[in-house]
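Q: One file: upload-v7.csv (CSV, C-alpha atoms).
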chain,number,residue,atom,x,y,z
B,1299,MET,CA,-8.4,-6.0,-16.3
B,1300,LYS,CA,-4.8,-7.4,-16.0
B,1301,LYS,CA,-3.3,-4.0,-16.8
B,1302,TYR,CA,-5.4,-2.3,-14.2
B,1303,LEU,CA,-4.5,-4.8,-11.5
B,1304,ALA,CA,-0.8,-4.4,-12.6
B,1305,GLU,CA,-1.1,-0.7,-12.0
B,1306,MET,CA,-2.7,-1.3,-8.6
B,1307,PHE,CA,0.1,-3.7,-7.6
B,1308,GLY,CA,2.8,-1.4,-8.9
B,1309,THR,CA,1.5,1.7,-7.1
B,1310,MET,CA,1.1,-0.3,-3.9
B,1311,VAL,CA,4.8,-1.4,-4.1
B,1312,LEU,CA,5.9,2.2,-4.9
B,1313,VAL,CA,4.1,3.6,-1.8
B,1314,LEU,CA,5.1,0.8,0.5
B,1315,MET,CA,8.7,0.9,-0.4
B,1316,GLY,CA,9.2,4.6,-1.0
B,1317,CYS,CA,7.2,5.9,1.9
B,1318,GLY,CA,8.4,2.9,4.0
B,1319,ALA,CA,12.0,4.0,3.4
B,1320,ALA,CA,11.1,7.6,4.3
B,1321,VAL,CA,9.6,6.4,7.6
B,1322,SER,CA,12.4,3.9,8.4
B,1323,LEU,CA,15.1,6.4,7.7
B,1324,GLY,CA,13.3,9.2,9.5
B,1325,CYS,CA,13.7,11.4,6.4
B,1326,THR,CA,14.2,15.1,7.3
B,1327,ASN,CA,15.9,18.0,5.6
B,1328,ALA,CA,18.3,18.3,8.4
B,1329,ASP,CA,19.8,14.9,7.6
B,1330,PRO,CA,21.0,14.7,3.9
B,1331,GLU,CA,21.7,11.0,4.1
B,1332,THR,CA,18.0,10.3,4.9
B,1333,VAL,CA,17.0,12.4,1.9
B,1334,VAL,CA,19.4,10.6,-0.4
B,1335,GLY,CA,18.2,7.2,0.9
B,1336,THR,CA,14.5,8.1,0.4
B,1337,ALA,CA,15.1,9.5,-3.1
B,1338,PHE,CA,16.8,6.3,-4.1
B,1339,ALA,CA,14.1,4.1,-2.6
B,1340,PHE,CA,11.5,5.8,-4.7
B,1341,GLY,CA,13.6,5.6,-7.8
B,1342,LEU,CA,14.6,2.0,-7.3
B,1343,ALA,CA,10.9,1.1,-6.7
B,1344,VAL,CA,10.0,2.6,-10.1
B,1345,VAL,CA,12.9,0.7,-11.8
B,1346,ALA,CA,11.8,-2.6,-10.2
B,1347,MET,CA,8.2,-2.2,-11.2
B,1348,ALA,CA,9.1,-1.0,-14.7
B,1349,TYR,CA,10.8,-4.3,-15.4
B,1350,THR,CA,8.0,-6.2,-13.6
B,1351,ILE,CA,4.8,-4.8,-15.0
B,1352,GLY,CA,6.0,-2.5,-17.8
B,1353,GLY,CA,5.1,-5.1,-20.4
B,1354,ILE,CA,1.6,-5.4,-19.0
B,1355,SER,CA,0.4,-1.9,-18.3
B,1356,GLY,CA,3.4,0.3,-19.2
B,1357,CYS,CA,4.0,0.9,-15.5
B,1358,HIS,CA,2.6,4.3,-15.0
B,1359,ILE,CA,1.9,3.8,-11.3
B,1360,ASN,CA,1.2,7.6,-11.2
B,1361,PRO,CA,-2.0,9.5,-12.3
B,1362,ALA,CA,0.2,12.4,-13.5
B,1363,ILE,CA,2.0,10.1,-16.0
B,1364,THR,CA,-1.4,8.6,-17.0
B,1365,LEU,CA,-2.7,12.1,-17.7
B,1366,GLY,CA,0.4,12.9,-19.7
B,1367,CYS,CA,-0.1,9.8,-21.8
B,1368,PHE,CA,-3.8,10.6,-22.3
B,1369,LEU,CA,-3.1,14.2,-23.4
B,1370,THR,CA,-0.5,13.0,-25.9
B,1371,GLY,CA,-2.9,10.5,-27.5
B,1372,ARG,CA,-1.2,7.3,-26.1
B,1373,MET,CA,-4.3,6.0,-24.4
B,1374,ASN,CA,-8.1,6.4,-24.4
B,1375,SER,CA,-10.3,8.1,-21.8
B,1376,LYS,CA,-11.6,4.8,-20.4
B,1377,ASP,CA,-8.1,3.4,-19.7
B,1378,CYS,CA,-7.0,6.8,-18.4
B,1379,GLY,CA,-9.8,6.8,-15.8
B,1380,MET,CA,-9.4,3.2,-14.8
B,1381,TYR,CA,-5.6,3.5,-14.5
B,1382,MET,CA,-6.1,6.4,-12.1
B,1383,LEU,CA,-8.7,4.6,-10.1
B,1384,PHE,CA,-6.6,1.5,-9.6
B,1385,GLN,CA,-3.5,3.5,-8.9
B,1386,VAL,CA,-5.2,5.3,-6.0
B,1387,ILE,CA,-6.5,1.9,-4.7
B,1388,GLY,CA,-3.0,0.5,-4.9
B,1389,ALA,CA,-1.7,3.6,-3.0
B,1390,ILE,CA,-4.3,3.1,-0.3
B,1391,ILE,CA,-3.4,-0.6,0.1
B,1392,GLY,CA,0.3,0.2,0.3
B,1393,SER,CA,-0.4,2.9,2.9
B,1394,ALA,CA,-2.6,0.6,4.9
B,1395,VAL,CA,0.1,-2.1,5.0
B,1396,LEU,CA,2.7,0.5,6.0
B,1397,PHE,CA,0.4,1.9,8.7
B,1398,ALA,CA,-0.2,-1.5,10.1
B,1399,LEU,CA,3.6,-2.1,10.3
B,1400,THR,CA,4.3,1.2,11.9
B,1401,ALA,CA,1.4,1.1,14.3
B,1402,SER,CA,2.3,-2.4,15.5
B,1403,SER,CA,6.0,-1.4,15.9
B,1404,GLY,CA,5.6,2.0,17.7
B,1405,VAL,CA,6.9,3.9,14.7
B,1406,VAL,CA,5.3,7.2,13.8
B,1407,GLY,CA,4.4,8.4,10.3
B,1408,THR,CA,3.2,7.1,6.9
B,1409,GLY,CA,5.6,9.1,4.7
B,1410,ALA,CA,2.8,11.5,3.8
B,1411,ASN,CA,3.6,14.7,1.8
B,1412,ASP,CA,3.3,18.0,3.4
B,1413,LEU,CA,4.7,21.5,3.2
B,1414,GLN,CA,8.1,21.4,4.8
B,1415,ALA,CA,9.7,23.5,7.5
B,1416,ASN,CA,11.3,26.8,6.4
B,1417,GLY,CA,13.1,28.2,9.4
B,1418,VAL,CA,10.5,29.0,12.0
B,1419,ASP,CA,7.6,28.7,9.4
B,1420,THR,CA,6.7,26.3,6.7
B,1421,ILE,CA,6.9,26.6,3.0
B,1422,PRO,CA,3.9,28.6,1.8
B,1423,ALA,CA,1.2,26.8,-0.2
B,1424,ILE,CA,2.1,28.7,-3.4
B,1425,GLY,CA,5.7,27.6,-3.0
B,1426,GLY,CA,4.7,24.0,-2.6
B,1427,LEU,CA,2.3,24.2,-5.5
B,1428,LEU,CA,4.9,25.7,-7.8
B,1429,ALA,CA,7.5,23.0,-6.8
B,1430,GLU,CA,5.0,20.2,-7.5
B,1431,ILE,CA,4.1,21.8,-10.9
B,1432,VAL,CA,7.8,22.3,-12.0
B,1433,PHE,CA,9.2,19.0,-10.9
B,1434,THR,CA,6.2,17.0,-12.1
B,1435,CYS,CA,6.6,18.7,-15.5
B,1436,VAL,CA,10.2,17.6,-15.7
B,1437,PHE,CA,9.5,14.1,-14.5
B,1438,VAL,CA,6.5,13.5,-16.9
B,1439,LEU,CA,8.5,15.0,-19.8
B,1440,VAL,CA,11.3,12.4,-19.1
B,1441,VAL,CA,8.7,9.6,-19.1
B,1442,LEU,CA,7.1,10.8,-22.4
B,1443,GLY,CA,10.5,11.1,-24.1
B,1444,ALA,CA,12.1,7.9,-22.7
B,1445,THR,CA,9.1,5.8,-23.8
B,1446,SER,CA,8.4,7.4,-27.1
B,1447,LYS,CA,8.7,5.1,-30.2
B,1448,THR,CA,9.8,8.1,-32.2
B,1449,ASN,CA,12.8,8.9,-30.0
B,1450,GLY,CA,15.3,6.4,-31.2
B,1451,ALA,CA,16.5,3.5,-29.0
B,1452,THR,CA,16.0,5.4,-25.7
B,1453,ASN,CA,12.8,3.5,-24.8
B,1454,ASN,CA,15.0,0.3,-24.4
B,1455,PHE,CA,16.3,1.9,-21.2
B,1456,ALA,CA,13.1,3.7,-20.2
B,1457,GLY,CA,12.7,2.1,-16.8
B,1458,LEU,CA,16.2,3.0,-15.8
B,1459,ALA,CA,16.0,6.6,-17.1
B,1460,ILE,CA,12.6,7.2,-15.4
B,1461,GLY,CA,13.8,5.7,-12.1
B,1462,LEU,CA,16.9,7.8,-12.0
B,1463,SER,CA,15.0,10.9,-13.0
B,1464,LEU,CA,12.7,10.3,-10.0
B,1465,VAL,CA,15.7,10.1,-7.8
B,1466,LEU,CA,16.9,13.5,-9.1
B,1467,VAL,CA,13.4,15.0,-8.7
B,1468,HIS,CA,13.3,13.8,-5.0
B,1469,LEU,CA,16.7,15.2,-4.3
B,1470,CYS,CA,15.6,18.7,-5.5
B,1471,CYS,CA,11.9,18.7,-4.3
B,1472,ILE,CA,12.0,17.0,-0.9
B,1473,ARG,CA,13.1,20.3,0.7
B,1474,TYR,CA,9.8,21.9,-0.3
B,1475,THR,CA,7.0,19.3,-0.2
B,1476,GLY,CA,8.6,15.9,0.6
B,1477,THR,CA,8.2,15.3,-3.1
B,1478,SER,CA,4.9,13.9,-4.5
B,1479,VAL,CA,4.8,14.4,-8.3
B,1480,ASN,CA,2.2,11.6,-8.0
B,1481,PRO,CA,-1.3,12.3,-6.7
B,1482,ALA,CA,-1.9,8.6,-5.8
B,1483,ARG,CA,1.3,8.5,-3.7
B,1484,SER,CA,0.0,11.5,-1.7
B,1485,ILE,CA,-3.6,10.4,-1.3
B,1486,GLY,CA,-2.9,7.0,0.3
B,1487,PRO,CA,-0.5,8.2,3.1
B,1488,ALA,CA,-2.5,11.4,3.8
B,1489,LEU,CA,-5.7,9.3,4.5
B,1490,PHE,CA,-3.9,7.5,7.3
B,1491,GLN,CA,-1.8,10.4,8.7
B,1492,GLY,CA,-4.5,13.1,8.6
B,1493,GLY,CA,-3.8,16.5,10.0
B,1494,THR,CA,-2.0,19.0,7.8
B,1495,ALA,CA,-1.0,16.3,5.3
B,1496,LEU,CA,-4.7,15.8,4.6
B,1497,ALA,CA,-5.5,19.5,4.7
B,1498,ASN,CA,-2.8,20.3,2.1
B,1499,LEU,CA,-3.6,17.3,0.0
B,1500,TRP,CA,-5.0,19.5,-2.8
B,1501,ILE,CA,-1.5,20.8,-3.5
B,1502,PHE,CA,-0.3,17.3,-4.3
B,1503,ILE,CA,-3.2,16.6,-6.6
B,1504,VAL,CA,-3.5,19.9,-8.4
B,1505,GLY,CA,0.3,20.5,-8.8
B,1506,PRO,CA,1.2,17.2,-10.4
B,1507,PHE,CA,-1.8,17.3,-12.8
B,1508,VAL,CA,-0.9,20.8,-13.9
B,1509,GLY,CA,2.7,19.8,-14.3
B,1510,ALA,CA,1.7,16.7,-16.3
B,1511,ALA,CA,-0.5,18.9,-18.6
B,1512,LEU,CA,2.5,21.3,-19.2
B,1513,ALA,CA,4.8,18.3,-20.0
B,1514,ALA,CA,2.3,17.0,-22.5
B,1515,CYS,CA,2.2,20.4,-24.2
B,1516,ILE,CA,6.0,20.6,-24.3
B,1517,TRP,CA,6.3,17.1,-25.7
B,1518,LYS,CA,3.8,17.8,-28.5
B,1519,VAL,CA,6.1,20.7,-29.5
B,1520,ILE,CA,9.4,18.9,-29.4
B,1521,GLU,CA,8.3,15.3,-30.3
B,1522,PRO,CA,10.2,13.9,-33.3
B,1523,GLU,CA,8.2,13.3,-36.4
B,1524,LYS,CA,7.0,9.7,-37.0
B,1525,ASN,CA,8.9,7.8,-39.7
Can you turn what I pasted into structure tokens?
A:
Amino acid sequence: MKKYLAEMFGTMVLVLMGCGAAVSLGCTNADPETVVGTAFAFGLAVVAMAYTIGGISGCHINPAITLGCFLTGRMNSKDCGMYMLFQVIGAIIGSAVLFALTASSGVVGTGANDLQANGVDTIPAIGGLLAEIVFTCVFVLVVLGATSKTNGATNNFAGLAIGLSLVLVHLCCIRYTGTSVNPARSIGPALFQGGTALANLWIFIVGPFVGAALAACIWKVIEPEKN
């Protein structure tokens, strides 16, 4: 049970700090500095949690990562399901705390993912879905490689590598979807924000799961042989 609670706490922190930074900075594509700040907030949250709960649960704090680990044989189906459940619960708690803070302060938004503005229109659903698939695939592949026991000494710096890769993914993907690559991170804020964020939530569930499955397939092909 401790590892499930660790996942819940870690995901709560990720959502509270990452989405909280997006709201506090007023993250928009028109202001590059807000994009950079938000990207680093998510990456730093992952690094912090990796060195806090990594030894307890592995610090997935992301159902897409959990799916990737399950498909590569690193965990059983029971743990996979329970990890995902507690990650979503943690995301909802983090979003509730953020919503309480913003509502009591007159600040608008919960940092929910949504299709971003593209001139006079918004990014089409297929564009957002492809972005989430591609960038989740890259992110989960980094996680699988950095934490692999067959990949040399890289797992000693896994937390740092994963956090920095999430920064990079945000810098590239915020323009399209605000960057999810994490179904739990999208579910929590969307529940409180509603509107199109809730209507388009399926993109931020399907896309990351498909991307994670692709990453697992790629890793199985390139994974070094066990000694």
Q: Record the distance separating atom CA of Asn1416 of chain B and atom CA of Thr1400 of chain B, expressed in Å with one decimal.
A: 27.1 Å
Q: Using all atoms listed in the file, determine which residues lie at most 8 Å from Leu1365 of chain B, disregarding the query and same-chain residues fewer than 2 positions distant; provide the list as number ranges by chain.
A: B: 1361-1363, 1367-1369, 1378, 1507, 1510-1511
Q: So what do you get for atom CA of Val1418 of chain B versus atom CA of Thr1477 of chain B, distance-wise?
A: 20.5 Å
Q: So which one's closest to Pro1481 of chain B, B:Ala1398, B:Val1313, B:Ile1460, B:Leu1342? Using all atoms listed in the file, please.
A: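 With all atoms listed in the file as the atom set, the closest residue is B:Val1313.
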Q: Please indicate the distance in Å from atom CA of Ser1402 of chain B to atom CA of Leu1314 of chain B, rounded to one decimal place.
A: 15.6 Å
Q: Ranking B:Ala1410, B:Ala1304, B:Met1315, B:Leu1462 by minimum distance to Ser1484 of chain B and counting only C-alpha atoms, which one comes first?
A: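 Among the listed residues, the smallest separation from Ser1484 of chain B belongs to B:Ala1410.
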Q: Find the residues around Leu1464 of chain B up to 12 Å (only C-alpha atoms counted), leave out those fewer than 2 positions away in its own chain, and share them as a PyMOL selection string.
A: chain B and resi 1312+1316+1334+1336-1345+1360+1433-1441+1457-1462+1466-1472+1477-1480
Q: Would you please work out which residue, of B:Ile1431, B:Ala1514, B:Leu1489, B:Ile1359, is nearest to Tyr1302 of chain B when using all atoms listed in the file?
A: B:Ile1359
Q: Counting all atoms listed in the file, which of B:Gly1308, B:Val1465, B:Leu1428, B:Ala1444 gets nearest to Tyr1349 of chain B?
A: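 With all atoms listed in the file as the atom set, the closest residue is B:Gly1308.
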Q: List the spatial neighbours of Ala1495 of chain B as a PyMOL selection string - criterion: any atom at most 7 Å away, all atoms listed in the file, same-chain residues fewer than 6 positions off excluded.
A: chain B and resi 1410-1412+1488
Q: Between B:Leu1427, B:Ile1520, B:Ala1456, B:Val1432, which is the closest to Gly1505 of chain B once you count all atoms listed in the file?
A: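 Selected residue with least distance to Gly1505 of chain B: B:Leu1427.
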Q: Have a look at B:Thr1408, B:Asn1374, B:Gln1385, B:Thr1332 and name the one nearest to Leu1303 of chain B; count all atoms listed in the file.
A: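 Nearest candidate to Leu1303 of chain B out of B:Thr1408, B:Asn1374, B:Gln1385, B:Thr1332: B:Gln1385.
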Q: Rebuild N, CA and C atoms on segment 1312-1338 of chain B, as an mmCIF file, in the frame of the given file?
A:
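Contents of rebuild_34.cif, freshly written:
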data_model
loop_
_atom_site.group_PDB
_atom_site.id
_atom_site.type_symbol
_atom_site.label_atom_id
_atom_site.label_comp_id
_atom_site.auth_asym_id
_atom_site.auth_seq_id
_atom_site.Cartn_x
_atom_site.Cartn_y
_atom_site.Cartn_z
ATOM 1 N N LEU B 1312 5.259 0.890 -4.903
ATOM 2 C CA LEU B 1312 5.900 2.200 -4.900
ATOM 3 C C LEU B 1312 5.679 2.902 -3.550
ATOM 4 N N VAL B 1313 4.432 2.929 -3.101
ATOM 5 C CA VAL B 1313 4.100 3.600 -1.800
ATOM 6 C C VAL B 1313 4.693 2.878 -0.650
ATOM 7 N N LEU B 1314 4.555 1.567 -0.641
ATOM 8 C CA LEU B 1314 5.100 0.800 0.500
ATOM 9 C C LEU B 1314 6.577 0.931 0.623
ATOM 10 N N MET B 1315 7.292 0.808 -0.479
ATOM 11 C CA MET B 1315 8.700 0.900 -0.400
ATOM 12 C C MET B 1315 9.274 2.295 -0.308
ATOM 13 N N GLY B 1316 8.725 3.208 -1.080
ATOM 14 C CA GLY B 1316 9.200 4.600 -1.000
ATOM 15 C C GLY B 1316 8.876 5.268 0.283
ATOM 16 N N CYS B 1317 7.592 5.252 0.640
ATOM 17 C CA CYS B 1317 7.200 5.900 1.900
ATOM 18 C C CYS B 1317 7.733 5.080 3.091
ATOM 19 N N GLY B 1318 7.815 3.756 2.919
ATOM 20 C CA GLY B 1318 8.400 2.900 4.000
ATOM 21 C C GLY B 1318 9.824 3.292 4.269
ATOM 22 N N ALA B 1319 10.600 3.567 3.220
ATOM 23 C CA ALA B 1319 12.000 4.000 3.400
ATOM 24 C C ALA B 1319 12.054 5.342 4.106
ATOM 25 N N ALA B 1320 11.155 6.256 3.710
ATOM 26 C CA ALA B 1320 11.100 7.600 4.300
ATOM 27 C C ALA B 1320 10.879 7.472 5.837
ATOM 28 N N VAL B 1321 9.950 6.583 6.223
ATOM 29 C CA VAL B 1321 9.600 6.400 7.600
ATOM 30 C C VAL B 1321 10.792 5.700 8.352
ATOM 31 N N SER B 1322 11.312 4.646 7.748
ATOM 32 C CA SER B 1322 12.400 3.900 8.400
ATOM 33 C C SER B 1322 13.644 4.717 8.585
ATOM 34 N N LEU B 1323 13.946 5.572 7.612
ATOM 35 C CA LEU B 1323 15.100 6.400 7.700
ATOM 36 C C LEU B 1323 14.907 7.670 8.506
ATOM 37 N N GLY B 1324 13.643 7.967 8.796
ATOM 38 C CA GLY B 1324 13.300 9.200 9.500
ATOM 39 C C GLY B 1324 13.705 10.401 8.665
ATOM 40 N N CYS B 1325 13.267 10.396 7.391
ATOM 41 C CA CYS B 1325 13.700 11.400 6.400
ATOM 42 C C CYS B 1325 13.355 12.824 6.883
ATOM 43 N N THR B 1326 14.388 13.642 7.015
ATOM 44 C CA THR B 1326 14.200 15.100 7.300
ATOM 45 C C THR B 1326 15.252 15.856 6.543
ATOM 46 N N ASN B 1327 14.929 17.127 6.304
ATOM 47 C CA ASN B 1327 15.900 18.000 5.600
ATOM 48 C C ASN B 1327 17.153 18.220 6.320
ATOM 49 N N ALA B 1328 17.125 18.019 7.625
ATOM 50 C CA ALA B 1328 18.300 18.300 8.400
ATOM 51 C C ALA B 1328 19.350 17.137 8.287
ATOM 52 N N ASP B 1329 18.926 15.994 7.738
ATOM 53 C CA ASP B 1329 19.800 14.900 7.600
ATOM 54 C C ASP B 1329 19.910 14.474 6.098
ATOM 55 N N PRO B 1330 20.916 14.978 5.388
ATOM 56 C CA PRO B 1330 21.000 14.700 3.900
ATOM 57 C C PRO B 1330 21.042 13.253 3.576
ATOM 58 N N GLU B 1331 21.631 12.418 4.437
ATOM 59 C CA GLU B 1331 21.700 11.000 4.100
ATOM 60 C C GLU B 1331 20.326 10.354 4.053
ATOM 61 N N THR B 1332 19.395 10.854 4.885
ATOM 62 C CA THR B 1332 18.000 10.300 4.900
ATOM 63 C C THR B 1332 17.304 10.749 3.593
ATOM 64 N N VAL B 1333 17.615 11.943 3.133
ATOM 65 C CA VAL B 1333 17.000 12.400 1.900
ATOM 66 C C VAL B 1333 17.492 11.615 0.711
ATOM 67 N N VAL B 1334 18.795 11.352 0.665
ATOM 68 C CA VAL B 1334 19.400 10.600 -0.400
ATOM 69 C C VAL B 1334 18.792 9.140 -0.411
ATOM 70 N N GLY B 1335 18.721 8.549 0.779
ATOM 71 C CA GLY B 1335 18.200 7.200 0.900
ATOM 72 C C GLY B 1335 16.736 7.117 0.436
ATOM 73 N N THR B 1336 15.925 8.099 0.822
ATOM 74 C CA THR B 1336 14.500 8.100 0.400
ATOM 75 C C THR B 1336 14.385 8.317 -1.083
ATOM 76 N N ALA B 1337 15.192 9.211 -1.629
ATOM 77 C CA ALA B 1337 15.100 9.500 -3.100
ATOM 78 C C ALA B 1337 15.460 8.207 -3.859
ATOM 79 N N PHE B 1338 16.476 7.485 -3.439
ATOM 80 C CA PHE B 1338 16.800 6.300 -4.100
ATOM 81 C C PHE B 1338 15.797 5.160 -3.953
#
